[in-house]
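Note: the block below is start38.tsv and it holds TSV, C-alpha atoms and all ligand atoms.
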```
chain	number	residue	atom	x	y	z
A	1499	MET	CA	32.69	5.44	28.02
A	1500	GLN	CA	30.66	2.26	28.30
A	1501	ARG	CA	32.48	-1.03	28.49
A	1502	MET	CA	31.20	-4.61	28.47
A	1503	THR	CA	33.00	-7.90	28.66
A	1504	VAL	CA	31.99	-10.57	26.17
A	1505	ASN	CA	32.59	-14.08	27.50
A	1506	ILE	CA	32.39	-17.01	25.09
A	1507	PRO	CA	32.78	-19.84	27.61
A	1508	GLY	CA	33.15	-22.84	25.26
A	1509	ARG	CA	36.12	-21.19	23.56
A	1510	GLY	CA	37.75	-19.60	26.55
A	1511	SER	CA	37.37	-16.35	24.61
A	1512	ARG	CA	36.86	-13.11	26.51
A	1513	TYR	CA	37.02	-9.63	25.06
A	1514	GLU	CA	35.95	-6.06	25.69
A	1515	PHE	CA	33.30	-4.12	23.82
A	1516	LEU	CA	34.03	-0.41	24.19
A	1517	VAL	CA	31.76	2.48	23.23
A	1518	LYS	CA	33.40	5.87	23.53
A	1519	PRO	CA	33.11	9.05	21.52
A	1520	GLY	CA	36.59	9.81	20.17
A	1521	ALA	CA	37.86	6.24	20.75
A	1522	LEU	CA	39.21	6.06	17.20
A	1523	ARG	CA	41.96	8.51	18.12
A	1524	ASP	CA	43.19	6.03	20.75
A	1525	LEU	CA	42.80	2.95	18.59
A	1526	GLY	CA	46.53	2.14	18.61
A	1527	THR	CA	46.50	1.89	22.41
A	1528	TYR	CA	43.49	-0.43	22.44
A	1529	VAL	CA	44.99	-2.68	19.76
A	1530	ARG	CA	48.35	-2.83	21.47
A	1531	GLU	CA	46.68	-4.05	24.69
A	1532	VAL	CA	45.31	-7.13	22.93
A	1533	ALA	CA	47.71	-7.75	20.04
A	1534	PRO	CA	51.17	-6.40	20.77
A	1535	HIS	CA	52.99	-7.16	17.53
A	1536	GLY	CA	55.19	-5.25	15.09
A	1537	THR	CA	53.05	-5.51	11.97
A	1538	ALA	CA	49.34	-4.86	11.51
A	1539	MET	CA	46.84	-4.49	8.68
A	1540	LEU	CA	44.13	-1.87	8.63
A	1541	ALA	CA	41.32	-3.16	6.37
A	1542	VAL	CA	39.12	-0.17	5.66
A	1543	ASP	CA	36.04	0.70	3.64
A	1544	GLU	CA	37.38	2.69	0.65
A	1545	ARG	CA	34.75	5.40	1.26
A	1546	ILE	CA	36.13	6.28	4.69
A	1547	ALA	CA	39.81	5.56	4.04
A	1548	ASP	CA	40.71	9.27	3.90
A	1549	SER	CA	38.57	10.31	6.85
A	1550	HIS	CA	38.17	7.79	9.70
A	1551	GLY	CA	40.88	5.65	8.08
A	1552	ALA	CA	43.41	8.46	8.41
A	1553	VAL	CA	42.60	8.93	12.12
A	1554	ALA	CA	42.93	5.20	12.74
A	1555	ARG	CA	46.17	5.04	10.75
A	1556	ASP	CA	47.77	7.90	12.72
A	1557	SER	CA	46.85	6.27	16.00
A	1558	LEU	CA	48.16	2.84	14.98
A	1559	VAL	CA	51.41	4.27	13.63
A	1560	SER	CA	51.84	6.28	16.87
A	1561	ALA	CA	51.45	2.99	18.71
A	1562	GLU	CA	54.45	1.82	16.66
A	1563	TYR	CA	52.75	-0.60	14.35
A	1564	HIS	CA	54.36	-1.18	11.00
A	1565	LEU	CA	51.04	-0.67	9.28
A	1566	GLN	CA	49.74	-1.84	5.93
A	1567	THR	CA	46.43	-0.28	4.83
A	1568	HIS	CA	44.15	-2.29	2.58
A	1569	THR	CA	41.01	-0.71	1.17
A	1570	LEU	CA	37.88	-2.73	0.44
A	1571	ALA	CA	34.64	-2.05	-1.44
A	1572	ALA	CA	31.77	-2.26	1.03
A	1573	ASP	CA	29.14	-3.92	-1.07
A	1574	GLU	CA	27.69	-7.42	-1.08
A	1575	ARG	CA	28.80	-8.07	-4.68
A	1576	HIS	CA	32.44	-7.66	-3.65
A	1577	LYS	CA	32.02	-9.79	-0.54
A	1578	THR	CA	33.61	-12.79	-2.22
A	1579	LEU	CA	36.52	-15.19	-2.01
A	1580	ASP	CA	38.30	-13.17	-4.74
A	1581	THR	CA	38.31	-10.15	-2.43
A	1582	VAL	CA	39.61	-12.28	0.43
A	1583	ARG	CA	42.29	-13.73	-1.87
A	1584	ALA	CA	43.50	-10.20	-2.71
A	1585	MET	CA	43.64	-9.45	0.99
A	1586	TYR	CA	45.71	-12.62	1.68
A	1587	ASP	CA	48.19	-11.46	-0.98
A	1588	ALA	CA	48.47	-8.04	0.67
A	1589	MET	CA	48.90	-9.66	4.09
A	1590	LEU	CA	51.66	-11.88	2.79
A	1591	ALA	CA	53.38	-8.96	1.05
A	1592	ALA	CA	53.21	-6.96	4.29
A	1593	GLY	CA	54.94	-9.76	6.18
A	1594	MET	CA	51.95	-10.50	8.42
A	1595	GLU	CA	52.65	-13.34	10.84
A	1596	ARG	CA	50.53	-15.40	13.26
A	1597	GLY	CA	50.47	-12.59	15.84
A	1598	SER	CA	49.87	-9.69	13.42
A	1599	PRO	CA	46.44	-8.13	13.98
A	1600	VAL	CA	43.88	-7.26	11.31
A	1601	ILE	CA	41.87	-4.18	12.19
A	1602	ALA	CA	38.51	-4.05	10.39
A	1603	LEU	CA	37.29	-0.45	10.06
A	1604	GLY	CA	33.87	0.01	8.48
A	1605	GLY	CA	30.42	-1.53	8.39
A	1606	GLY	CA	29.22	-5.12	8.41
A	1607	VAL	CA	30.63	-6.07	5.00
A	1608	ILE	CA	34.14	-4.96	5.96
A	1609	GLY	CA	33.94	-6.79	9.30
A	1610	ASP	CA	32.75	-9.94	7.54
A	1611	VAL	CA	35.42	-9.96	4.81
A	1612	ALA	CA	38.38	-8.79	6.89
A	1613	GLY	CA	37.19	-11.01	9.75
A	1614	PHE	CA	37.15	-14.04	7.47
A	1615	ALA	CA	40.63	-13.22	6.15
A	1616	ALA	CA	41.82	-12.91	9.77
A	1617	ALA	CA	40.13	-16.19	10.70
A	1618	THR	CA	41.84	-18.13	7.93
A	1619	TYR	CA	45.22	-16.50	7.16
A	1620	MET	CA	47.86	-18.75	8.74
A	1621	ARG	CA	44.99	-20.54	10.54
A	1622	GLY	CA	43.96	-17.34	12.25
A	1623	VAL	CA	45.44	-14.01	13.32
A	1624	PRO	CA	44.12	-11.52	15.91
A	1625	LEU	CA	41.09	-9.51	14.80
A	1626	VAL	CA	39.99	-6.10	16.04
A	1627	GLN	CA	36.54	-4.90	15.01
A	1628	VAL	CA	36.09	-1.14	14.67
A	1629	PRO	CA	32.51	-0.71	13.43
A	1630	THR	CA	31.59	2.64	11.87
A	1631	THR	CA	27.89	2.03	11.16
A	1632	LEU	CA	25.16	1.73	13.77
A	1633	LEU	CA	24.23	-1.70	12.42
A	1634	ALA	CA	27.77	-2.99	12.78
A	1635	MET	CA	28.17	-1.46	16.26
A	1636	VAL	CA	25.12	-3.13	17.71
A	1637	ASP	CA	25.13	-6.35	15.70
A	1638	ALA	CA	27.69	-7.42	13.09
A	1639	ALA	CA	30.88	-6.60	15.01
A	1640	ILE	CA	29.85	-8.64	18.04
A	1641	GLY	CA	29.75	-12.40	18.22
A	1642	GLY	CA	32.39	-13.61	15.79
A	1643	LYS	CA	30.42	-14.30	12.62
A	1644	THR	CA	32.70	-13.71	9.61
A	1645	GLY	CA	32.30	-14.75	6.01
A	1646	VAL	CA	31.70	-14.05	2.36
A	1647	ASN	CA	29.06	-14.74	-0.25
A	1648	LEU	CA	29.31	-17.59	-2.74
A	1649	PRO	CA	27.57	-16.37	-5.90
A	1650	LEU	CA	25.27	-19.11	-7.17
A	1651	PRO	CA	24.74	-20.22	-10.79
A	1652	SER	CA	21.19	-18.84	-10.49
A	1653	GLY	CA	22.70	-15.35	-10.14
A	1654	SER	CA	21.73	-15.00	-6.49
A	1655	LEU	CA	24.32	-13.79	-4.01
A	1656	GLY	CA	24.61	-16.96	-1.92
A	1657	LYS	CA	24.82	-14.74	1.16
A	1658	ASN	CA	27.32	-15.78	3.82
A	1659	LEU	CA	27.58	-19.35	2.52
A	1660	ILE	CA	31.32	-19.40	3.31
A	1661	GLY	CA	32.40	-18.37	6.77
A	1662	ALA	CA	33.90	-19.00	10.15
A	1663	PHE	CA	33.28	-18.06	13.74
A	1664	TRP	CA	36.24	-15.92	14.73
A	1665	GLN	CA	35.88	-13.78	17.80
A	1666	PRO	CA	37.61	-10.38	17.86
A	1667	ARG	CA	40.18	-9.49	20.53
A	1668	VAL	CA	38.37	-6.22	21.18
A	1669	VAL	CA	35.51	-4.22	19.63
A	1670	VAL	CA	36.01	-0.46	19.60
A	1671	ALA	CA	32.89	1.55	18.74
A	1672	ASP	CA	33.30	5.31	18.36
A	1673	PRO	CA	29.86	6.98	18.06
A	1674	ASP	CA	31.55	10.04	16.51
A	1675	THR	CA	32.05	7.99	13.35
A	1676	LEU	CA	28.26	8.01	12.95
A	1677	LEU	CA	28.47	11.75	12.21
A	1678	THR	CA	29.38	10.87	8.62
A	1679	LEU	CA	26.79	8.10	8.25
A	1680	ASP	CA	23.83	9.18	6.14
A	1681	ASP	CA	20.39	9.30	7.71
A	1682	ARG	CA	19.07	6.34	5.74
A	1683	GLU	CA	21.93	4.12	7.00
A	1684	LEU	CA	21.43	5.37	10.55
A	1685	ARG	CA	17.74	4.45	10.34
A	1686	CYS	CA	18.69	1.00	9.05
A	1687	GLY	CA	20.87	0.55	12.14
A	1688	LEU	CA	17.92	1.61	14.26
A	1689	ALA	CA	15.94	-1.28	12.76
A	1690	GLU	CA	18.41	-3.68	14.41
A	1691	CYS	CA	18.24	-1.72	17.69
A	1692	ILE	CA	14.44	-2.03	17.58
A	1693	LYS	CA	14.83	-5.74	16.85
A	1694	HIS	CA	17.03	-6.11	19.94
A	1695	GLY	CA	14.49	-4.16	21.97
A	1696	VAL	CA	11.68	-6.46	20.85
A	1697	ILE	CA	13.72	-9.59	21.62
A	1698	ALA	CA	14.91	-8.68	25.09
A	1699	ASP	CA	14.51	-5.08	26.25
A	1700	ARG	CA	11.20	-3.44	25.40
A	1701	SER	CA	12.20	-0.30	27.33
A	1702	LEU	CA	14.74	0.25	24.54
A	1703	LEU	CA	11.77	0.96	22.26
A	1704	SER	CA	10.63	3.87	24.45
A	1705	PHE	CA	14.25	5.06	24.69
A	1706	ILE	CA	14.41	5.27	20.89
A	1707	TYR	CA	10.94	6.84	20.71
A	1708	ASP	CA	11.76	9.50	23.31
A	1709	ASN	CA	15.27	10.29	22.09
A	1710	LEU	CA	14.86	10.19	18.34
A	1711	PRO	CA	15.79	13.87	17.69
A	1712	ALA	CA	19.02	13.48	19.69
A	1713	ILE	CA	19.79	10.22	17.91
A	1714	MET	CA	19.29	11.73	14.46
A	1715	GLN	CA	21.40	14.74	15.49
A	1716	ARG	CA	24.14	12.22	16.43
A	1717	GLU	CA	24.25	13.50	20.00
A	1718	ALA	CA	27.25	11.60	21.42
A	1719	LYS	CA	25.85	10.79	24.87
A	1720	THR	CA	22.56	9.49	23.49
A	1721	LEU	CA	24.29	7.42	20.79
A	1722	THR	CA	26.64	5.96	23.39
A	1723	GLU	CA	23.68	4.81	25.48
A	1724	LEU	CA	21.78	3.55	22.44
A	1725	VAL	CA	24.77	1.50	21.22
A	1726	ALA	CA	25.59	0.14	24.68
A	1727	ARG	CA	22.00	-0.88	25.47
A	1728	SER	CA	21.38	-2.44	22.11
A	1729	ALA	CA	24.75	-4.20	22.01
A	1730	ALA	CA	24.07	-5.57	25.50
A	1731	VAL	CA	21.21	-7.64	24.08
A	1732	LYS	CA	23.47	-9.14	21.42
A	1733	VAL	CA	26.28	-9.75	23.92
A	1734	ALA	CA	23.96	-11.65	26.26
A	1735	ILE	CA	22.72	-13.82	23.40
A	1736	VAL	CA	26.11	-14.72	21.89
A	1737	GLN	CA	27.52	-15.46	25.32
A	1738	ALA	CA	24.78	-18.03	25.81
A	1739	ASP	CA	24.87	-19.48	22.30
A	1740	GLU	CA	27.87	-18.62	20.13
A	1741	ARG	CA	27.16	-21.28	17.48
A	1742	GLU	CA	23.45	-20.56	17.03
A	1743	ALA	CA	22.25	-23.84	18.50
A	1744	GLY	CA	19.07	-22.08	19.60
A	1745	LEU	CA	18.96	-18.72	21.36
A	1746	ARG	CA	21.13	-16.87	18.81
A	1747	ALA	CA	18.56	-17.65	16.14
A	1748	LEU	CA	16.29	-15.12	17.91
A	1749	LEU	CA	18.46	-12.45	16.28
A	1750	ASN	CA	16.75	-13.44	13.02
A	1751	LEU	CA	13.54	-11.80	14.19
A	1752	GLY	CA	12.11	-10.00	11.15
A	1753	HIS	CA	14.78	-11.51	8.90
A	1754	THR	CA	12.88	-14.52	7.50
A	1755	PHE	CA	10.26	-12.12	6.15
A	1756	GLY	CA	12.85	-9.44	5.40
A	1757	HIS	CA	15.22	-11.63	3.40
A	1758	VAL	CA	12.64	-12.45	0.75
A	1759	ILE	CA	11.75	-8.82	0.02
A	1760	GLU	CA	15.28	-7.38	0.31
A	1761	PRO	CA	16.46	-8.61	-3.12
A	1762	LEU	CA	13.36	-7.46	-5.05
A	1763	PRO	CA	14.54	-4.61	-7.33
A	1764	GLU	CA	11.08	-3.04	-7.55
A	1765	LEU	CA	11.05	-2.44	-3.78
A	1766	ASN	CA	14.55	-0.90	-3.57
A	1767	LEU	CA	14.89	-1.75	0.12
A	1768	LYS	CA	18.04	-1.67	2.19
A	1769	HIS	CA	18.59	-4.50	4.65
A	1770	GLY	CA	17.37	-2.54	7.67
A	1771	GLU	CA	14.24	-1.39	5.81
A	1772	ALA	CA	13.40	-4.97	4.80
A	1773	VAL	CA	13.94	-6.03	8.43
A	1774	ALA	CA	11.63	-3.23	9.62
A	1775	ILE	CA	8.82	-4.52	7.39
A	1776	GLY	CA	9.73	-8.05	8.50
A	1777	LEU	CA	9.35	-7.00	12.15
A	1778	CYS	CA	5.82	-5.76	11.40
A	1779	ALA	CA	4.97	-9.03	9.61
A	1780	ALA	CA	6.42	-11.10	12.46
A	1781	GLY	CA	4.49	-8.98	14.99
A	1782	HIS	CA	1.25	-9.57	13.12
A	1783	THR	CA	1.91	-13.33	12.86
A	1784	ALA	CA	2.52	-13.31	16.62
A	1785	VAL	CA	-0.81	-11.54	17.22
A	1786	LEU	CA	-2.67	-13.99	14.98
A	1787	THR	CA	-1.13	-16.98	16.74
A	1788	GLY	CA	-1.93	-15.63	20.22
A	1789	ARG	CA	1.64	-14.80	21.25
A	1790	LEU	CA	1.50	-11.01	21.33
A	1791	ASN	CA	-1.18	-8.48	22.26
A	1792	LEU	CA	-2.38	-6.19	19.53
A	1793	SER	CA	-1.35	-3.14	21.58
A	1794	GLN	CA	2.20	-4.50	21.81
A	1795	ALA	CA	2.36	-5.08	18.05
A	1796	ASP	CA	1.07	-1.53	17.56
A	1797	GLU	CA	3.79	-0.20	19.86
A	1798	ILE	CA	6.46	-1.94	17.77
A	1799	GLU	CA	5.00	-0.51	14.56
A	1800	ARG	CA	4.74	2.95	16.12
A	1801	VAL	CA	8.45	3.11	16.94
A	1802	ILE	CA	9.41	1.75	13.49
A	1803	SER	CA	7.26	4.38	11.88
A	1804	ILE	CA	8.47	7.34	13.96
A	1805	VAL	CA	12.05	6.40	13.14
A	1806	GLY	CA	11.13	6.83	9.47
A	1807	LEU	CA	11.47	3.16	8.58
A	1808	PRO	CA	8.82	1.48	6.42
A	1809	THR	CA	6.12	-0.58	8.09
A	1810	ARG	CA	4.54	-1.55	4.76
A	1811	LEU	CA	5.84	-2.60	1.32
A	1812	PRO	CA	6.51	0.53	-0.75
A	1813	THR	CA	4.65	-1.06	-3.68
A	1814	PRO	CA	2.37	-4.10	-3.50
A	1815	VAL	CA	3.85	-7.45	-4.51
A	1816	GLU	CA	2.16	-10.84	-4.70
A	1817	SER	CA	2.21	-12.80	-1.48
A	1818	GLY	CA	2.36	-16.29	-3.07
A	1819	PRO	CA	5.96	-16.07	-4.32
A	1820	LEU	CA	7.01	-14.42	-1.03
A	1821	ILE	CA	5.64	-17.33	1.00
A	1822	ALA	CA	7.28	-19.81	-1.38
A	1823	ALA	CA	10.61	-17.98	-1.13
A	1824	MET	CA	10.55	-18.14	2.67
A	1825	ALA	CA	10.93	-21.89	2.45
A	1826	TYR	CA	14.32	-21.37	0.81
A	1827	ASP	CA	15.65	-19.14	3.56
A	1828	LYS	CA	18.80	-20.71	4.98
A	1829	LYS	CA	17.28	-20.72	8.47
A	1830	VAL	CA	14.84	-23.44	7.35
A	1831	ALA	CA	15.12	-26.41	9.70
A	1832	GLY	CA	14.06	-29.81	8.38
A	1833	GLY	CA	12.08	-28.29	5.51
A	1834	ARG	CA	9.76	-26.28	7.78
A	1835	VAL	CA	9.70	-22.52	7.86
A	1836	ARG	CA	11.22	-21.50	11.16
A	1837	LEU	CA	10.08	-18.09	12.31
A	1838	VAL	CA	11.07	-15.95	15.23
A	1839	LEU	CA	8.00	-14.36	16.77
A	1840	PRO	CA	7.77	-11.74	19.54
A	1841	THR	CA	5.93	-12.71	22.69
A	1842	SER	CA	3.82	-10.76	25.16
A	1843	ASP	CA	6.30	-11.31	28.03
A	1844	GLY	CA	8.82	-9.00	26.32
A	1845	SER	CA	10.89	-11.63	24.57
A	1846	ALA	CA	10.68	-13.77	21.43
A	1847	GLU	CA	10.52	-17.44	20.55
A	1848	LEU	CA	11.49	-19.75	17.73
A	1849	VAL	CA	8.43	-21.24	16.09
A	1850	ASP	CA	8.59	-24.21	13.71
A	1851	ASP	CA	4.92	-24.55	12.99
A	1852	ALA	CA	3.57	-21.09	12.16
A	1853	PRO	CA	0.41	-21.76	10.14
A	1854	ARG	CA	0.66	-20.80	6.49
A	1855	ASP	CA	-2.60	-18.84	6.80
A	1856	ALA	CA	-1.15	-16.64	9.52
A	1857	VAL	CA	1.98	-16.03	7.44
A	1858	ALA	CA	-0.19	-15.16	4.42
A	1859	ALA	CA	-2.24	-12.77	6.57
A	1860	ALA	CA	0.96	-11.18	7.86
A	1861	TRP	CA	2.13	-10.54	4.29
A	1862	ALA	CA	-1.28	-9.00	3.54
A	1863	HIS	CA	-0.93	-6.88	6.68
A	1864	VAL	CA	2.27	-5.31	5.34
A	1865	GLY	CA	0.71	-4.70	1.93
A	1866	ALA	CA	1.25	-7.83	-0.16
A	1867	ILE	CA	-1.59	-8.79	-2.47
A	1868	ASP	CA	-3.28	-12.06	-3.31
A	1869	ALA	CA	-3.04	-12.53	-7.08
B	1901	LIG	N1	23.41	-10.98	13.02
B	1901	LIG	C1	22.96	-12.21	13.55
B	1901	LIG	C2	23.97	-12.93	14.37
B	1901	LIG	O1	25.06	-12.42	14.59
B	1901	LIG	O2	23.72	-14.02	14.80
```
Starting from the file, lay out its structure as structure tokens.
Ligand code: GLY
Amino acid sequence: MQRMTVNIPGRGSRYEFLVKPGALRDLGTYVREVAPHGTAMLAVDERIADSHGAVARDSLVSAEYHLQTHTLAADERHKTLDTVRAMYDAMLAAGMERGSPVIALGGGVIGDVAGFAAATYMRGVPLVQVPTTLLAMVDAAIGGKTGVNLPLPSGSLGKNLIGAFWQPRVVVADPDTLLTLDDRELRCGLAECIKHGVIADRSLLSFIYDNLPAIMQREAKTLTELVARSAAVKVAIVQADEREAGLRALLNLGHTFGHVIEPLPELNLKHGEAVAIGLCAAGHTAVLTGRLNLSQADEIERVISIVGLPTRLPTPVESGPLIAAMAYDKKVAGGRVRLVLPTSDGSAELVDDAPRDAVAAAWAHVGAIDA
């Protein structure tokens, strides 16, 4: 088992992040340590309700929780206030009170929706995050971001426009749950691990490179180390900057590029795949602006590629609209495109003045075309 303490000083919040193969079977014990109450709600991705959900349920019932199970659809289109409203109704019907914990079992969408319901029901009830995807284990479940989309009249998703910071009481990551995660999703989680490596621990890149067969075979010891090392980067960042006043924005590395290609239907990219291409574009922008050596950018692309993630757009798209769309990314500060770029000292920095030419060249580097 690997265990880390997350300290959020401004809030007096302190909780454990546990990584342990088989931890799901002991979930009831972990929850009881942090939220000893009679009633609890297990909010679970409908696709794993009968598998991991059943294990979690047995453990929570053995720990003498009067348990209500609520299943959720794990897609961005259902990540809305209507879904949260249905969860409030179920919480009320179950007799949930101020001390009754919500246990979020699933990937990032489940953690976001159930976390937001927990943050707002009766002004906040205890939350336990039990991530079952690699992405959620190393990123979404840590740091207290919860929320839902607010679909916009334009038809766009309005991603995470409604939300709250609500730190969990404990995060329990069981690498055995990754046995049922498909390879494409596992690779998408690896994109976030690579991102963390680029931001703060470049030796994590060689760890992934050297251990890829064991990772893809879901070897428990290797996954435990991968999750712990990658999560450690996120933990250090959210401890220093819970509210994203500065440092936490580094976690958007690859995302400003990635967000504009992720919704394009012709590319059919998952989030992690768009981020992988975004990391390559950010790396190239960093080379062109003198922040990163070419060999370091190549190293980042090499690990992305060996993992089986895309380093280039699967089909060419025009760069003009991509550059224009970046200006509408919600991370825009004062109308300027704010980029996170990797640096040659093994970290990354927030850059407000990346030249448009360098951004255009970065899009060309990953396969966009000039119309
Ligand atoms: N996933 C980015 C953050 O938690 O800040």
Please write out, as AutoDock Vina command-line options, where the centre of an axis-aligned box around all listed atoms of ligand LIG 1901 (chain B) lies and how long its edges are, in Å to one decimal, after adding 6 Å on each side.
```
--center_x 24.0 --center_y -12.5 --center_z 13.9 --size_x 14.1 --size_y 15.0 --size_z 13.8
```
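Among the candidate residues A:Thr1527, A:Lys1732, A:Lys1577, A:Ala1743, the one lying nearest to Asp1543 in chain A is A:Lys1577, with distances computed using only C-alpha atoms.
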Within 8 Å of ligand LIG 1901 (chain B), counting all atoms listed in the file, which protein or nucleic acid residues do you find, written as a ChimeraX atom specification? /A:1637-1638,1640-1643,1732,1736,1742,1746-1747,1749-1750
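Look at range 1511-1513 of chain A: the protein and nucleic acid residues within 8 Å of it, using all atoms listed in the file and passing over chain neighbours fewer than 4 places away, are Thr1503, Val1504, Asn1505, Ile1506, Pro1507, Gln1665, Pro1666, Arg1667, Val1668 and Val1669 of chain A.
Near Gly1526 in chain A, within a cut-off of 9 Å and counting only C-alpha atoms, sit the residues A:Leu1522, A:Arg1523, A:Val1529, A:Arg1530, A:Glu1531, A:Ala1554, A:Arg1555, A:Asp1556, A:Ser1557, A:Leu1558, A:Val1559, A:Ser1560, A:Ala1561, A:Glu1562, A:Tyr1563, with same-chain residues fewer than 3 positions away left out.
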Next, dump the selected residues to file, keeping only C-alpha atoms, as a PDB file, in the coordinates of the input.
```
ATOM      1  CA  LEU A1522      39.210   6.060  17.200  1.00  0.00           C
ATOM      2  CA  ARG A1523      41.960   8.510  18.120  1.00  0.00           C
ATOM      3  CA  VAL A1529      44.990  -2.680  19.760  1.00  0.00           C
ATOM      4  CA  ARG A1530      48.350  -2.830  21.470  1.00  0.00           C
ATOM      5  CA  GLU A1531      46.680  -4.050  24.690  1.00  0.00           C
ATOM      6  CA  ALA A1554      42.930   5.200  12.740  1.00  0.00           C
ATOM      7  CA  ARG A1555      46.170   5.040  10.750  1.00  0.00           C
ATOM      8  CA  ASP A1556      47.770   7.900  12.720  1.00  0.00           C
ATOM      9  CA  SER A1557      46.850   6.270  16.000  1.00  0.00           C
ATOM     10  CA  LEU A1558      48.160   2.840  14.980  1.00  0.00           C
ATOM     11  CA  VAL A1559      51.410   4.270  13.630  1.00  0.00           C
ATOM     12  CA  SER A1560      51.840   6.280  16.870  1.00  0.00           C
ATOM     13  CA  ALA A1561      51.450   2.990  18.710  1.00  0.00           C
ATOM     14  CA  GLU A1562      54.450   1.820  16.660  1.00  0.00           C
ATOM     15  CA  TYR A1563      52.750  -0.600  14.350  1.00  0.00           C
TER      16      TYR A1563
END
```
Interface rows for range 1628-1695 of chain A against range 1756-1768 of chain A: nearest pair, Å to one decimal, 10 Å, all atoms listed in the file, as a Markdown table:
```
| residue | atom | partner | partner_atom | distance |
| --- | --- | --- | --- | --- |
| A:Ser1654 | CA | A:Pro1761 | CA | 8.9 |
| A:Leu1655 | CA | A:Pro1761 | CA | 9.5 |
| A:Arg1682 | CA | A:Lys1768 | CA | 8.8 |
| A:Glu1683 | CA | A:Lys1768 | CA | 8.5 |
| A:Cys1686 | CA | A:Lys1768 | CA | 7.4 |
```
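For the pair CA of His1568 in chain A and CA of Glu1544 in chain A, the interatomic distance is 8.6 Å.
Among the candidates A:Ala1774, A:Gly1865, A:Ile1697, A:Arg1789, the one nearest to Pro1814 in chain A when counting all atoms listed in the file is A:Gly1865.
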Close residues, Gln1715 in chain A itself excluded, 9 Å, only C-alpha atoms, min 4 positions apart in chain, as an mmCIF file with C-alpha atoms, in the coordinates of the input:
```cif
data_model
loop_
_atom_site.group_PDB
_atom_site.id
_atom_site.type_symbol
_atom_site.label_atom_id
_atom_site.label_comp_id
_atom_site.auth_asym_id
_atom_site.auth_seq_id
_atom_site.Cartn_x
_atom_site.Cartn_y
_atom_site.Cartn_z
ATOM 1 C CA LEU A 1677 28.470 11.750 12.210
ATOM 2 C CA LEU A 1710 14.860 10.190 18.340
ATOM 3 C CA PRO A 1711 15.790 13.870 17.690
#
```
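Considering the residues A:Val1607, A:Val1517, A:His1535, A:Thr1754 and counting all atoms listed in the file, His1564 in chain A has its shortest atom-to-atom contact with A:His1535.
Rounded to one decimal, CA of Leu1790 in chain A and CA of Pro1840 in chain A lie 6.6 Å from each other.
Taking CA of Ala1571 in chain A and CA of Leu1590 in chain A as the two end points, the separation is 20.1 Å.
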